[in-house]
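Colleague: I am attaching a structure below and will ask some questions about it afterwards.
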Amino acid sequence: MKIMKLAAIAGITLFLSGCGPDEKDQTSIKMWVAPNITQEVYWGEIVKEWNSNPANRKVEFTSIPAAGSSEEAIMNALASGTEPDISTNIFIGFAKQLSELKQLTDYSKMPGFQTLTETRHMGKTISNWQFDGQQTVIPIYISPVLYWWRSDLLAAQGFDHVPTSYDEIYTLSERIALTQKGYSLQLTSGKNWWDRWFDFIPLYYAAAGGRPYIQDKKSAFDNESGLEALNFMAKMFANKWTSYDFTTADDPLAAGMVLGAMRGPWDIERYQKQFPEVLKEIRIGPMPTQSGAPGANTMADSKGIVMFSTSKVQNDAWKFIQWVYSDPKHDLRWLELTGMPPAREDLQSNPVFSDYLQQHPLVNDIVSYVPKAVPPAAVTKTVEVQRTMTQMIEKLMFENNSVPDALHQSSQEIDKILEQ
Amino acid sequence: MIKLKESTTGGLLASTYLGYSLVFWLYPFIWLAVLSFTDWKFIGTPSFNGVKNIIAVMQNPLFWTAMYNVFKFLAYYLPIVLMSSLLFAFGLRKLKYGKAFVALSFLLANVSSGVAYSIVFSKLLSETGPINTFLMNTMGINVPWFTHPDFAMLSVALIITWKFVGYYGLIFYSGLITIPKDIYDAADLDKTSGPGKIWHITLPLMNAQIVMVLVLAITVAFSIFTEPYLITGGGPLQSTTTPMVVMYEAAFRQMQPSWAATMSIIVAVFSFSLIWILRRCLEKKIEIV
């Protein structure tokens, strides 16, 4: 019996000793990066270069652990005390949430922060990422979402340029409707809340000249610009010029079911692999507006890098971040590998990038919109806000609500959500 | 050789299971209860806030929409899945060869990955998918399977029926083969019609299996997640937003684990009550004397 008891005690001790957070190994800087092959390759190269200098504290990076989303993985890590020192792949709304929970370090208090913003030419960009007087996140890249058009299919409809105004799209849609084959546009990218980043929000930014859709904890899109964007969407659906059913498994643009669709720079690599012939026909166009004037604003799909306030190696981690972003060659390598524009304002004027951009005209077109790309609202209730916007669009389709009513109702609901 | 008492051996054998339950059942369960009476955002110590979470959940329209959707799902799912599983069981009984193969083929749906088949179904049932192309060519109609609020939940119910028909069918089949043939012979002598035999003999004698399948189906209804999350995103117009989708987004997207924990307890109470009512109304003790 004694042996049994001993065995039981030993078992329990062994079991319990396995629980609890691991003690942080303070010999290295722990970093999490987006679970994405090209980004992992990039960080592999960068970290190798950093680690090759014996004077530097070593960086160990892994991709964000598998979970429903990066946000979920990071929250779980924070709850169990297993968070890294720094993490990439943080969108503005999540940064705001983490910031409110006091989990992030304010970069603006770090030595040399101002110099870094100047060296990287990101002064204007980074100001969009400040909240509550703090700079808890540094944007890594800014991907303007834009319309991709099939020039071959446009030519068949008598268009020698990409449509930029609503009226041009209506004309094109009427022509497509006559052929009874396919649609003119993929207007909505899906039914989930995050899909609003790729339809209503950029269309609103374009119509409103980049003005925010949420300001001072209140919705700010129940206005002329909001009406303009939503009227456009409503008209496209009412005339059946677009469908709400482009499933994620298909790519209607590549399949030729539509002539234009909203896409991001990350799609270039995918198209290169899967539809290289189609990619040759792709032309980049702005978000359409009523007037079709050039230089319309759009939304920036953008992610940043944060440092957790629990990190015990903040100074070394900051040195690493400074080192990465003060050398434009690192940003060039990022651009080469991911195709996503680094968050800097000198991409088209800095000679470091000129060769690459000359050889990659599509990327060059996309890069020209970086100054016009505005990040989404920095609110903690992104899900609720954008779910309301989804309802707004669906009410137009299924309940025949009038555009001003749908817009007004959604705006009121958002005010209520943000009040809480 | 150490001689162990019988109870010690038993205890040892059960210890892994008990340990497992303690860690993976009891501990989360207690944590869930703690969370539902406190305010916690993944970080720090939960602070007690009484019944505030319960009130917040009850006052949230999305909670009620999700509960309504469960009942809407059951209204589609129960008749469809019961009929098709019964047909499957009857069909399986008639088979002379390859019973195991057929049963396994149907069971395959039950073990396949939700993510994988969600993608397959979203392609199959899309506007330009093979099913709609066929309907368009033969009847000139196009069914908005996932894109109309009136159809989306029906489509989800059909997918989940596909997943469970083999499983429930086998449960029915096990009940079906235990009914003594003598009873049917006696019914034949009384000149009972085919449907009469099913209604008066087969179904009453399968009471235990039917109740079991109903209980399982209700449990499934309250736990649907993958299909709406991946295919419809809970829409259109929140017609497929299920409690699981609401809880997941509340906990991991909106960072309100306490709210989500409270909702999970309320949803569990609803599902247990429904099962209790169902058993009170339908369960009968059947004995063949």
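So you can find residues: chains in the structure tokens are A, B, ... in the order shown, residues in each start at 1, and ligands are numbered from 1 in order.
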Do you know which residues are at most 10 Å from segment 370-378 of chain A counting only C-alpha atoms, after dropping those on the same chain fewer than 6 positions away, and could you put them as a ChimeraX atom specification?
Modeller: /A:91-97,124-125,128-131,141-146,197,201-202,205-206,209-215,217,295-303,341-348,385
Colleague: Enumerate, in order of chain and increasing residue number, the residues of chain B with an atom no farther than 8 Å from chain A, each with its shortest atom pair and distance in Å to one decimal, counting only C-alpha atoms, as CSV.
Modeller:
residue,atom,partner,partner_atom,distance
B:Leu4,CA,A:Met1,CA,7.9
B:Phe42,CA,A:Ala79,CA,4.9
B:Ile43,CA,A:Ala79,CA,5.2
B:Gly44,CA,A:Ala79,CA,7.8
B:Ile119,CA,A:Ala249,CA,6.6
B:Ser122,CA,A:Thr247,CA,6.6
B:Lys123,CA,A:Ala249,CA,6.5
B:Ser126,CA,A:Asp245,CA,6.5
B:Glu127,CA,A:Asp245,CA,6.1
B:Phe146,CA,A:Asp245,CA,7.8
B:Thr147,CA,A:Asp245,CA,6.3
B:His148,CA,A:Phe398,CA,7.4
B:Pro149,CA,A:Phe398,CA,7.7
B:Thr232,CA,A:Lys191,CA,6.1
B:Gly233,CA,A:Asn192,CA,4.6
B:Gly234,CA,A:Asn192,CA,7.5
B:Gly235,CA,A:Lys191,CA,6.6
B:Pro236,CA,A:Glu394,CA,6.5
B:Leu237,CA,A:Gln391,CA,5.8
B:Gln238,CA,A:Gln391,CA,7.9
B:Phe252,CA,A:Glu72,CA,5.2
B:Arg253,CA,A:Val383,CA,7.0
B:Gln254,CA,A:Lys381,CA,6.5
Colleague: Which residue gives the smallest distance to Gln256 of chain B among B:Ala56, B:Leu125, B:Leu62, B:Val51, with only C-alpha atoms counted?
Modeller: B:Ala56
Colleague: What's around Leu108 of chain B at 10 Å? Count only C-alpha atoms, leave out sequence neighbours fewer than 6 positions away in its own chain, and write the answer as a list of chain:residue names.
Modeller: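 Here the answer would be B:Val102, B:Lys163, B:Phe164, B:Gly166, B:Tyr167.
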Colleague: Provide the atom CA of Asp355 of chain A to atom CA of Gly304 of chain A distance in Å, to one decimal place.
Modeller: 25.9 Å
Colleague: Check the smallest atom-to-atom distance from each of B:Met139, B:Cys281, B:Ala221, B:Ala103 to Ser85 of chain B using only C-alpha atoms, then report the winner.
Modeller: B:Ala103
Colleague: Taking 3 positions as the minimum chain separation for residues in the same chain, which residues sit within 8 Å of segment 164-181 of chain A when counting only C-alpha atoms? Answer as a VMD selection string.
Modeller: chain A and resid 157 184 to 185 232 236 241 257 285 to 294
